[in-house]
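For reference, the structure discussed in these notes is given below.
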Amino acid sequence: MTRATFIVPCFNEQDNVYRFYNTFFSVFERSPFDWNLVFIDDGSSDDTWSELQRIAQTTDRITAISFSRNFGKEAAIWAGLNNASGDLVGIIDADLQQSPTDALAMCEILEKNPQYDCVAAFQERRRESGFMTKVKGSFYSLFAKLSGMNAIQDASDFRVFRKSVADAIRSLPESFRFSKGIFAWVGFNTYPYPYTPDNRAAGESKWSTVGLVKYALEGMLAFSVAPLRIATTLGLVAAACAIIYFVVLLGQTLIQGVDVPGYATLMGVMLLLGGAQLICMGIMGEYIARSYVQGKNRPIYIEKARIGSLDQE
Ligand code: UDP
Ligand code: MG
């Protein structure tokens, strides 16, 4: 029997975990899969952990890990991967926006199509405003251009993949994790599965607009060094302008004699170049800071408690 392990990141989902477990149970109990769930409590401040303990008393199909603080969904996915031993591994949100019925359909696709290694759900129709859809669309195409990886489109973290893909991802222990990029980077044959997210069962989304922008920038910096080249390009453009300006100036001096005007021009050029230099230094700083943090080699998460066995063979 094929074993399917689903990773469920939870952050303050006290009203959802039990509902999620029940729905997942009713869908997968009738399926041919030997299923289990790895819940990651990402430092919730509500009763998520006691809810998980309550569920664990009724079944041995769940493992749950609680973090010492909130480390973010990417860290939760990483912890889940390190504790998922199924032939198929999936990632699904705890808020029932991503339905277990779709998750089962995704597992079945892999069962029936040996040529695919991963099924990635993408939103056929985004629930957000047209503006947000446009912004996200442009981010993905810019990301694809800068990183040279095309595979992400609109794919979410809602995925099911084979053990081989899970092993490949486990071989990337980087601190700055951006799942969409990581999945694209490891490659493999991915089947795009269209789905429409449901409304959140309870609670609210943890993503603010600022949070999303930060996450997008993080992803960009983690997968592309193209921003570093901005400095080179700007430098070349500035040098070319300077040469042209110098030739013009020389001509003017030869024809009209020496003149010393241009305080405003001088100020303008100085400020412009100064600004450009600071921006380039800032970009470089971002990369240096990341290699500094990576250099410290800190763990991606700290485990505080665990329910169930270590699910690794
Ligand atoms: N999540 C998490 N850690 C966080 C933020 C979110 O584990 O720091 C989990 C959250 O509990 C949920 C999933 O990640 O299961 C997706 O989060 P959310 O529903 O807030 O995001 P959205 O669906 O709005 O994109
Ligand atoms: Mg959600």
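Scheme for the structure tokens: letters A, B, ... for chains in order shown; per-chain residue numbers from 1; ligand numbers from 1 in order shown.
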
Based on DSSP run over this structure's backbone, return all residues of region 142-267 of chain A in helix (DSSP H, G or I), as number ranges by chain. A: 142-147, 163-170, 179-186, 209-223, 226-256, 263-267

Residues within 9 Å of Arg290 (chain A), please, as a PyMOL selection string. Count only C-alpha atoms; anything in the same chain fewer than 3 positions from it doesn't count. chain A and resi 175-176+221-222+285-287+293-295

Using only C-alpha atoms, which of A:Ile77, A:Ile7, A:Ile230, A:Val27 sits nearest Thr63 (chain A)? A:Ile7

At most 12 Å is the cut-off: for each residue in region 29-101 of chain A with any atom that close to an atom of region 116-125 of chain A, write down the nearest atom pair and the distance in Å rounded to one decimal, counting only C-alpha atoms, chain first then increasing number, as CSV.
residue,atom,partner,partner_atom,distance
A:Asp87,CA,A:Asp117,CA,11.0
A:Leu88,CA,A:Cys118,CA,9.1
A:Val89,CA,A:Cys118,CA,9.4
A:Gly90,CA,A:Val119,CA,9.2
A:Ile91,CA,A:Ala120,CA,9.9
A:Ile92,CA,A:Ala121,CA,10.3
A:Gln97,CA,A:Gln123,CA,11.3
A:Gln98,CA,A:Ala121,CA,9.2
A:Ser99,CA,A:Ala121,CA,10.9

Selection to disk with C-alpha atoms, as a compact mmCIF listing (two decimals), in the first residue's frame:
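Full text of selection.txt as output:
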# COMPACT_ATOMS: atom_id res chain seq x y z
CA ASP A 87 6.32 7.23 -0.55
CA LEU A 88 4.33 10.35 -1.31
CA VAL A 89 4.77 13.54 0.67
CA GLY A 90 2.32 16.44 0.58
CA ILE A 91 2.05 19.94 2.01
CA ILE A 92 -1.38 21.27 2.93
CA GLN A 97 -8.59 26.52 2.14
CA GLN A 98 -6.91 23.64 0.38
CA SER A 99 -9.30 20.74 0.38

List every residue of chain A that has an atom at most 8 Å from any atom of ligand 1, giving for each one its closest atom pair and the distance in Å to one decimal, counting only C-alpha atoms and all ligand atoms, sorted by chain and then by ascending residue number, as CSV.
residue,atom,partner,partner_atom_place_in_ligand_line,distance
A:Val8,CA,ligand 1,15 (O),6.4
A:Pro9,CA,ligand 1,7 (O),4.0
A:Cys10,CA,ligand 1,11 (O),3.4
A:Phe11,CA,ligand 1,11 (O),3.8
A:Asn12,CA,ligand 1,11 (O),6.2
A:Glu13,CA,ligand 1,11 (O),5.7
A:Ile40,CA,ligand 1,7 (O),7.0
A:Asp41,CA,ligand 1,7 (O),6.8
A:Asp42,CA,ligand 1,7 (O),5.1
A:Gly43,CA,ligand 1,3 (N),8.0
A:Asn70,CA,ligand 1,8 (O),6.0
A:Phe71,CA,ligand 1,8 (O),6.3
A:Gly72,CA,ligand 1,8 (O),3.6
A:Lys73,CA,ligand 1,3 (N),3.8
A:Glu74,CA,ligand 1,3 (N),7.5
A:Ala76,CA,ligand 1,7 (O),5.8
A:Ile77,CA,ligand 1,7 (O),7.9
A:Ile92,CA,ligand 1,15 (O),7.2
A:Asp93,CA,ligand 1,15 (O),3.7
A:Ala94,CA,ligand 1,15 (O),3.9
A:Asp95,CA,ligand 1,15 (O),5.4
A:Gln97,CA,ligand 1,23 (O),6.7
A:Arg200,CA,ligand 1,19 (O),7.0
A:Glu204,CA,ligand 1,20 (O),6.4
A:Ser205,CA,ligand 1,20 (O),3.4
A:Lys206,CA,ligand 1,20 (O),3.6
A:Trp207,CA,ligand 1,20 (O),5.5

Residues near Thr58 (chain A), cut-off 12 Å, only C-alpha atoms, skip fewer than 5 positions along chain, as a list in words: Tyr18, Tyr21, Asn22, Phe25, Glu51, Leu52, Gln53 and Gly308 of chain A
